[in-house]
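One structure is given below, encoded as structure tokens.
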Amino acid sequence: MPSGPLGLPWIGNRHQVPGFMPWKKFEEWNKKYGPVASILLGSTPTIIIGKAQHAWDLLEKRSEIYSSRPRFVMASEILSENRRGLMLPNSNELWKQWRKMLHNGFHIRKAPVYHGIQSLECKVLLKELLNDSKSFDGYLKRFAASIVVAVTYGRRVDSVDEWIVQENIASMDYLTSVNIPGRYIVESWPWLLKLPRSLQWFRKYPEMRKKKDEHYLMHLLNDVRTRMKNGTCPDCLTSLALTDRDKGKVELSDMQLAYAVASPFGAGIDTTAGTLSVFLLAMLNYPEVMKKAQGELDKVVGYDRMPEFHDKEQLPYIVAVINETLRWRPIPVLGGTAHASTADDEYNGNFIPKGSSIYANMYGIMRDEEMFPDANLFQPERFLPRSTSDTTHTDSQHPRINLEFDLPFGFGRRICPGMHLGLNSLFIAVSRILWAFDLRPAREGMVPSPDAFTNHFNSRPLPFECKFVARNEKIANLIEAEWDSVQNQRRVEATRTYAFPSLQEETSLS
Ligand code: HEM
């Protein structure tokens, strides 16, 4: 097997994986033992990948054997009775139906269907930031949540305090806090599940959370069902899944369906809002990047209108800023949920046994100095073709480091199905925030630390302050005018029809 730190009998390396930010220890091991290292978590061989090329070689080129998921005792079996597709092995029937449902809803040609809701939510966001920049973090979450809730349940979200957002945050915070390698002993020793139930001390909290999850996810499903009966529900992922089930195209129970459609809700809010928070942190630390990006926007868009999706081609520096944000401080630090292998394999002379868990440690991969020279610096230029006169950075020269950067979204058959929806949300929000505001530290000279992050599976910046100063009066007036103009649309939007394809239509398309 690939080399790695020496462990102990029975527990392997479990005791060496810290509960605090294990991705940093993984990076250290990759530096010491090589870009493909191995450890044992209990009896499970676990491969840690620290360079993109090796992740592409294994998880992408050999995706037929590296696209499963390991066994998740806490996060999947106990917390959801194996109903979350994200944690299911790819051989599972439920996973296949779930993945197809998401692909049909969110693939690249479908993504523009949501431009309308994304633009609307962004106009609301600008007005919120103009009025009250202190609460910006809540507004970023509202923005991300409203888009995801609209495409999933056909409803908008007006405030981050609404129960629908609060329940999701509580549920996801819990899920991501239990889904950290090495944190629970039962993951390494599943035989503990054979103890009498009353002695399984680790069940108490996940089972309490499961009851709450079942309740609110069923409530959301039933709400869509009621509005479908009343004729007041726009087409959305849930209504189409219910229709497909009625036609016999999907074979899922109510509870399975409630969990299946909730996955964008779980996977798309934290990641999008967290990335926007990283973007603000970067702008406060690199004001010269902000100025350069604003220069591009001023040239292409001017002050008489806001940036629109159709401007994207003319805004390569903005796209590079987004790519660099996703690279500089990736939110899914461990590369999302671990992959698992389904056959014995050999790679670069090493044996990788069937049933290994694989972490493409995004934290380390994105800080690989060979691929991203001066990796700790925020340099959007690394994604742009370098002009000969440009001496601001060292080029990576890697052919996949360009404006089409997809590394932050994972690998192979498990690649993020919400990538295009997520990228579009980031584009409209980043371009309009930079167009509208100068971002400044709340207090002169008090720039927030670029290294203070949470210890979550989706690791986001710790709370910091940021001042949003409208760049000029014309822009402030336009934000107000656009806000006024969307008031009516905000109400109508709830009943707008999205052109979601049914499973049947999409299958015939592909
Ligand atoms: C900036 C935004 C986002 C980032 C950085 C991101 C990143 C990721 C990553 C790294 C993975 C793991 C892929 C792997 O296992 O190889 C993933 C999976 C996933 N993402 Fe995203 N994501 C984002 C937005 C979204 C959105 C908006 C949605 C929903 C529409 C979404 C839904 C999912 C789902 C359902 C999975 C699990 C796929 C599976 O297990 O087969 N993501 N994402």
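By order of appearance in the structure tokens: chains A, B, ..., then residues from 1 within every chain, and ligands from 1 in the order shown.
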
TODO: Extract, using only C-alpha atoms, all DNA, RNA and protein residues at most 8 Å from A:Leu130, discarding same-chain residues fewer than 3 positions from it, and format them as a ChimeraX atom specification.
DONE: /A:126-127,133,468-470,476

Using the selection just defined, write its residues with N, CA and C atoms as a CSV table (one decimal), in the first residue's frame.
chain,number,residue,atom,x,y,z
A,126,LEU,N,-28.3,42.9,-3.0
A,126,LEU,CA,-27.6,44.2,-3.1
A,126,LEU,C,-28.3,45.2,-2.2
A,127,LYS,N,-29.6,45.2,-2.3
A,127,LYS,CA,-30.4,46.2,-1.5
A,127,LYS,C,-30.2,45.9,0.0
A,133,SER,N,-24.9,46.6,6.1
A,133,SER,CA,-23.8,45.7,5.8
A,133,SER,C,-23.4,44.9,7.0
A,468,PHE,N,-19.7,47.7,3.4
A,468,PHE,CA,-20.0,47.8,2.0
A,468,PHE,C,-20.3,49.3,1.6
A,469,VAL,N,-19.5,49.9,0.9
A,469,VAL,CA,-19.7,51.3,0.6
A,469,VAL,C,-20.0,51.5,-0.9
A,470,ALA,N,-21.3,52.0,-1.1
A,470,ALA,CA,-21.7,52.1,-2.5
A,470,ALA,C,-20.6,53.0,-3.3
A,476,ALA,N,-25.9,53.6,-6.2
A,476,ALA,CA,-26.9,53.4,-5.1
A,476,ALA,C,-28.3,53.6,-5.6

- [ ] Please provide the set of residues having any atom within 9 Å of A:Gly422, restricted to only C-alpha atoms, with same-chain residues fewer than 3 positions apart removed, written as number ranges by chain.
- [x] A: 144, 268, 271-272, 418-419, 425-427

Find the nearest atom pair between each residue of chain A and ligand 1 for residues within 6 Å, count only C-alpha atoms and all ligand atoms, give distances in Å to one decimal, sort rows by chain and ascending number, and present the table as JSON lines.
{"residue": "A:Leu86", "atom": "CA", "partner": "ligand 1", "partner_atom_place_in_ligand_line": "40 (O)", "distance": 3.5}
{"residue": "A:Ser263", "atom": "CA", "partner": "ligand 1", "partner_atom_place_in_ligand_line": "35 (C)", "distance": 5.1}
{"residue": "A:Pro264", "atom": "CA", "partner": "ligand 1", "partner_atom_place_in_ligand_line": "29 (C)", "distance": 3.6}
{"residue": "A:Ala267", "atom": "CA", "partner": "ligand 1", "partner_atom_place_in_ligand_line": "32 (C)", "distance": 4.6}
{"residue": "A:Gly268", "atom": "CA", "partner": "ligand 1", "partner_atom_place_in_ligand_line": "26 (C)", "distance": 3.4}
{"residue": "A:Thr271", "atom": "CA", "partner": "ligand 1", "partner_atom_place_in_ligand_line": "2 (C)", "distance": 4.6}
{"residue": "A:Thr272", "atom": "CA", "partner": "ligand 1", "partner_atom_place_in_ligand_line": "1 (C)", "distance": 4.1}
{"residue": "A:Thr275", "atom": "CA", "partner": "ligand 1", "partner_atom_place_in_ligand_line": "1 (C)", "distance": 5.8}
{"residue": "A:Pro332", "atom": "CA", "partner": "ligand 1", "partner_atom_place_in_ligand_line": "10 (C)", "distance": 5.6}
{"residue": "A:Gly335", "atom": "CA", "partner": "ligand 1", "partner_atom_place_in_ligand_line": "10 (C)", "distance": 4.5}
{"residue": "A:Gly336", "atom": "CA", "partner": "ligand 1", "partner_atom_place_in_ligand_line": "12 (C)", "distance": 4.1}
{"residue": "A:Thr337", "atom": "CA", "partner": "ligand 1", "partner_atom_place_in_ligand_line": "15 (O)", "distance": 5.4}
{"residue": "A:Pro408", "atom": "CA", "partner": "ligand 1", "partner_atom_place_in_ligand_line": "5 (C)", "distance": 5.5}
{"residue": "A:Phe409", "atom": "CA", "partner": "ligand 1", "partner_atom_place_in_ligand_line": "10 (C)", "distance": 4.0}
{"residue": "A:Gly410", "atom": "CA", "partner": "ligand 1", "partner_atom_place_in_ligand_line": "16 (O)", "distance": 3.5}
{"residue": "A:Phe411", "atom": "CA", "partner": "ligand 1", "partner_atom_place_in_ligand_line": "16 (O)", "distance": 4.0}
{"residue": "A:Arg414", "atom": "CA", "partner": "ligand 1", "partner_atom_place_in_ligand_line": "41 (O)", "distance": 3.9}
{"residue": "A:Ile415", "atom": "CA", "partner": "ligand 1", "partner_atom_place_in_ligand_line": "13 (C)", "distance": 4.3}
{"residue": "A:Cys416", "atom": "CA", "partner": "ligand 1", "partner_atom_place_in_ligand_line": "18 (C)", "distance": 3.8}
{"residue": "A:Pro417", "atom": "CA", "partner": "ligand 1", "partner_atom_place_in_ligand_line": "33 (C)", "distance": 5.3}
{"residue": "A:Gly418", "atom": "CA", "partner": "ligand 1", "partner_atom_place_in_ligand_line": "28 (C)", "distance": 3.5}
{"residue": "A:Met419", "atom": "CA", "partner": "ligand 1", "partner_atom_place_in_ligand_line": "24 (C)", "distance": 5.4}
{"residue": "A:Leu421", "atom": "CA", "partner": "ligand 1", "partner_atom_place_in_ligand_line": "27 (C)", "distance": 5.3}
{"residue": "A:Gly422", "atom": "CA", "partner": "ligand 1", "partner_atom_place_in_ligand_line": "27 (C)", "distance": 4.1}

Open item on the list: At a cut-off of 6 Å, using only C-alpha atoms, what residues contact stretch 462-465 of chain A? Leave out same-chain residues fewer than 6 positions from it and give the result as number ranges by chain.
Closed with: A: 442, 452-454

Could you write out that same residue set with N, CA and C atoms as a PDB file, in the first residue's frame?
ATOM      1  N   ALA A 442     -14.179  46.970   8.604  1.00  0.00           N
ATOM      2  CA  ALA A 442     -15.133  47.760   9.379  1.00  0.00           C
ATOM      3  C   ALA A 442     -14.413  48.859  10.152  1.00  0.00           C
ATOM      4  N   ALA A 452      -8.585  32.322   9.613  1.00  0.00           N
ATOM      5  CA  ALA A 452      -9.476  31.927  10.720  1.00  0.00           C
ATOM      6  C   ALA A 452     -10.728  31.258  10.156  1.00  0.00           C
ATOM      7  N   PHE A 453     -10.752  29.931  10.252  1.00  0.00           N
ATOM      8  CA  PHE A 453     -11.846  29.159   9.653  1.00  0.00           C
ATOM      9  C   PHE A 453     -12.474  28.198  10.665  1.00  0.00           C
ATOM     10  N   THR A 454     -13.699  27.752  10.385  1.00  0.00           N
ATOM     11  CA  THR A 454     -14.379  26.832  11.293  1.00  0.00           C
ATOM     12  C   THR A 454     -13.823  25.412  11.138  1.00  0.00           C
TER      13      THR A 454
END

Open item on the list: Between atom CA of A:Asn350 and atom CA of A:Pro399, what is the distance in Å, rounded to a tenth?
Closed with: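 Taking atom CA of A:Asn350 and atom CA of A:Pro399, their separation equals 26.8 Å.
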
Open item on the list: Would you compute the distance between atom CA of A:Arg84 and atom CA of A:Ile11? Give it in Å to one decimal.
Closed with: 28.0 Å

- [ ] Using atom CA of A:Lys292 and atom CA of A:Pro385 as the two end points, give the distance in Å to one decimal.
- [x]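 Atom-to-atom, atom CA of A:Lys292 to atom CA of A:Pro385, that is 16.2 Å.
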
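Proximity to A:Tyr174 was assessed for A:Ala75, A:Ile269, A:Leu434, A:Ile117 counting only C-alpha atoms; the smallest distance is recorded for A:Ala75.
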
- [ ] Pull the alpha helix (DSSP H) assignments for stretch 58-307 of chain A out of DSSP run on the backbone, and list those residues as a PyMOL selection string.
- [x] chain A and resi 79-80+93-106+115-131+136-153+163-178+185-188+204-230+237-246+254-261+263-267+269-285+287-300

Let me see the file: selected residues, C-alpha atoms, as a compact mmCIF listing (two decimals), in the first residue's frame.
# COMPACT_ATOMS: atom_id res chain seq x y z
CA LEU A 79 -28.69 9.78 11.13
CA SER A 80 -30.79 9.06 8.02
CA GLU A 93 -30.60 1.58 -6.89
CA LEU A 94 -31.75 4.59 -4.88
CA TRP A 95 -28.47 6.38 -5.70
CA LYS A 96 -28.91 5.78 -9.44
CA GLN A 97 -32.43 7.25 -9.47
CA TRP A 98 -31.33 10.14 -7.26
CA ARG A 99 -28.28 11.04 -9.36
CA LYS A 100 -30.34 10.99 -12.57
CA MET A 101 -32.96 13.22 -10.98
CA LEU A 102 -30.28 15.77 -10.04
CA HIS A 103 -28.47 15.56 -13.36
CA ASN A 104 -31.69 16.20 -15.24
CA GLY A 105 -32.44 19.21 -13.08
CA PHE A 106 -29.07 20.93 -13.01
CA HIS A 115 -30.82 32.88 -14.38
CA GLY A 116 -34.09 34.72 -13.67
CA ILE A 117 -34.36 33.64 -10.03
CA GLN A 118 -30.61 34.13 -9.50
CA SER A 119 -30.73 37.67 -10.87
CA LEU A 120 -33.78 38.51 -8.77
CA GLU A 121 -32.26 37.18 -5.56
CA CYS A 122 -29.06 39.09 -6.27
CA LYS A 123 -30.96 42.37 -6.65
CA VAL A 124 -32.54 41.69 -3.27
CA LEU A 125 -29.07 40.92 -1.88
CA LEU A 126 -27.61 44.22 -3.11
CA LYS A 127 -30.41 46.17 -1.45
CA GLU A 128 -29.91 44.25 1.81
CA LEU A 129 -26.16 44.97 1.74
CA LEU A 130 -26.76 48.64 0.93
CA ASN A 131 -29.11 49.04 3.91
CA PHE A 136 -23.97 40.55 5.46
CA ASP A 137 -23.35 36.94 6.43
CA GLY A 138 -27.06 36.30 6.96
CA TYR A 139 -27.87 37.93 3.62
CA LEU A 140 -25.38 35.73 1.78
CA LYS A 141 -27.05 32.68 3.34
CA ARG A 142 -30.50 33.99 2.41
CA PHE A 143 -29.38 34.56 -1.18
CA ALA A 144 -27.97 31.03 -1.52
CA ALA A 145 -30.90 29.48 0.34
CA SER A 146 -33.61 31.23 -1.63
CA ILE A 147 -32.18 30.06 -4.96
CA VAL A 148 -31.89 26.47 -3.79
CA VAL A 149 -35.33 26.47 -2.12
CA ALA A 150 -36.91 27.99 -5.25
CA VAL A 151 -35.49 25.34 -7.57
CA THR A 152 -36.21 22.53 -5.11
CA TYR A 153 -39.56 23.46 -3.56
CA TRP A 163 -37.84 28.14 9.72
CA ILE A 164 -37.01 26.52 6.41
CA VAL A 165 -33.48 28.01 6.49
CA GLN A 166 -32.98 27.56 10.21
CA GLU A 167 -33.94 23.87 10.10
CA ASN A 168 -31.62 23.31 7.19
CA ILE A 169 -28.72 25.08 8.91
CA ALA A 170 -29.22 23.05 12.11
CA SER A 171 -29.49 19.82 10.15
CA MET A 172 -26.44 20.49 7.98
CA ASP A 173 -24.34 21.75 10.87
CA TYR A 174 -25.00 18.50 12.65
CA LEU A 175 -24.44 16.30 9.58
CA THR A 176 -21.17 17.97 8.66
CA SER A 177 -19.90 17.92 12.22
CA VAL A 178 -20.37 14.14 12.51
CA ILE A 185 -15.06 5.34 17.37
CA VAL A 186 -18.03 3.43 15.93
CA GLU A 187 -16.87 4.30 12.40
CA SER A 188 -13.72 2.26 12.96
CA LYS A 204 -28.58 9.55 21.32
CA TYR A 205 -27.94 12.82 19.49
CA PRO A 206 -28.07 11.56 15.89
CA GLU A 207 -31.40 9.86 16.59
CA MET A 208 -32.83 13.04 18.07
CA ARG A 209 -31.67 14.95 14.98
CA LYS A 210 -33.08 12.25 12.67
CA LYS A 211 -36.57 12.73 14.10
CA LYS A 212 -36.36 16.46 13.45
CA ASP A 213 -35.04 15.91 9.91
CA GLU A 214 -37.83 13.47 9.06
CA HIS A 215 -40.40 15.90 10.34
CA TYR A 216 -39.28 18.98 8.42
CA LEU A 217 -38.42 17.16 5.19
CA MET A 218 -41.83 15.45 5.13
CA HIS A 219 -43.46 18.78 5.88
CA LEU A 220 -41.74 20.32 2.83
CA LEU A 221 -42.77 17.39 0.63
CA ASN A 222 -46.38 17.58 1.81
CA ASP A 223 -46.43 21.33 1.30
CA VAL A 224 -45.49 20.87 -2.37
CA ARG A 225 -48.11 18.12 -2.69
CA THR A 226 -50.81 20.41 -1.28
CA ARG A 227 -49.84 23.29 -3.56
CA MET A 228 -49.81 20.92 -6.55
CA LYS A 229 -53.38 19.92 -5.71
CA ASN A 230 -54.36 23.60 -5.40
CA LEU A 237 -37.50 19.32 -8.40
CA THR A 238 -40.02 18.03 -5.84
CA SER A 239 -43.17 18.42 -7.95
CA LEU A 240 -41.49 16.70 -10.89
CA ALA A 241 -40.21 13.88 -8.71
CA LEU A 242 -43.74 13.37 -7.34
CA THR A 243 -45.18 13.37 -10.86
CA ASP A 244 -42.53 10.93 -12.06
CA ARG A 245 -43.34 8.64 -9.15
CA ASP A 246 -47.05 8.75 -9.98
CA ASP A 254 -42.49 9.22 0.59
CA MET A 255 -39.70 9.41 3.12
CA GLN A 256 -37.04 8.35 0.57
CA LEU A 257 -38.34 10.97 -1.85
CA ALA A 258 -38.37 13.66 0.85
CA TYR A 259 -34.67 13.01 1.53
CA ALA A 260 -33.77 12.62 -2.18
CA VAL A 261 -35.09 16.01 -3.25
CA SER A 263 -29.99 17.08 -1.31
CA PRO A 264 -29.53 20.43 -3.15
CA PHE A 265 -30.94 21.97 -0.02
CA GLY A 266 -28.25 20.24 2.01
CA ALA A 267 -25.30 20.45 -0.39
CA ILE A 269 -26.42 26.44 0.50
CA ASP A 270 -23.40 26.22 2.79
CA THR A 271 -21.02 25.77 -0.14
CA THR A 272 -22.32 28.76 -2.10
CA ALA A 273 -22.74 31.14 0.86
CA GLY A 274 -19.40 30.04 2.36
CA THR A 275 -17.60 30.67 -0.95
CA LEU A 276 -19.09 34.18 -1.11
CA SER A 277 -17.85 34.80 2.41
CA VAL A 278 -14.34 33.69 1.34
CA PHE A 279 -14.59 36.08 -1.60
CA LEU A 280 -15.25 39.02 0.75
CA LEU A 281 -12.38 37.95 2.98
CA ALA A 282 -10.08 37.88 -0.05
CA MET A 283 -11.17 41.33 -1.18
CA LEU A 284 -10.45 42.79 2.27
CA ASN A 285 -7.00 41.22 2.22
CA PRO A 287 -7.74 45.45 -2.19
CA GLU A 288 -5.60 45.71 -5.34
CA VAL A 289 -7.45 42.69 -6.79
CA MET A 290 -10.77 44.38 -6.01
CA LYS A 291 -9.67 47.55 -7.85
CA LYS A 292 -8.51 45.57 -10.89
CA ALA A 293 -11.82 43.66 -11.03
CA GLN A 294 -13.78 46.88 -10.70
CA GLY A 295 -11.74 48.35 -13.56
CA GLU A 296 -12.86 45.48 -15.80
CA LEU A 297 -16.51 45.94 -14.75
CA ASP A 298 -16.39 49.70 -15.34
CA LYS A 299 -15.08 49.13 -18.87
CA VAL A 300 -17.56 46.41 -19.83

For A:Ser356, work out the shell of residues within 6 Å, counting only C-alpha atoms and skipping chain neighbours fewer than 4 positions away, then give it as a CSV table (one decimal) with N, CA and C atoms, in the first residue's frame.
chain,number,residue,atom,x,y,z
A,45,PRO,N,-8.7,0.6,5.1
A,45,PRO,CA,-7.6,1.3,4.5
A,45,PRO,C,-8.1,2.7,3.9
A,46,THR,N,-7.3,3.7,4.2
A,46,THR,CA,-7.8,5.0,3.8
A,46,THR,C,-6.7,5.7,3.0
A,340,ALA,N,-15.1,5.7,-2.3
A,340,ALA,CA,-14.6,4.4,-1.9
A,340,ALA,C,-14.3,3.5,-3.1
A,341,SER,N,-13.4,2.6,-3.0
A,341,SER,CA,-13.1,1.8,-4.2
A,341,SER,C,-13.8,0.5,-4.1

TODO: Name the residues of stretch 47-116 of chain A that fall into strand (DSSP E or B) according to DSSP on the backbone, using the chain letters and numbers of this document, as a list in words.
DONE: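 Of stretch 47-116 of chain A, only Ile47, Ile48, Ile49 and Ser68 of chain A fall in strand (DSSP E or B).
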
Atoms to include: C-alpha atoms. Write the selected residues as a short mmCIF file (atom, residue, chain, number, x, y, z; two decimals), in the first residue's frame.
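Saved the output as out_14.cif:
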data_model
loop_
_atom_site.label_atom_id
_atom_site.label_comp_id
_atom_site.auth_asym_id
_atom_site.auth_seq_id
_atom_site.Cartn_x
_atom_site.Cartn_y
_atom_site.Cartn_z
CA ILE A 47 -6.00 6.74 0.94
CA ILE A 48 -5.19 10.42 1.18
CA ILE A 49 -4.50 12.26 -2.06
CA SER A 68 -18.56 4.48 -4.41
#

- [ ] Identify which of the residues A:Gln200, A:Asn424, A:Asn348, A:Asn402 lies closest to A:Asp57, counting only C-alpha atoms when measuring atom-to-atom distances.
- [x] A:Asn348
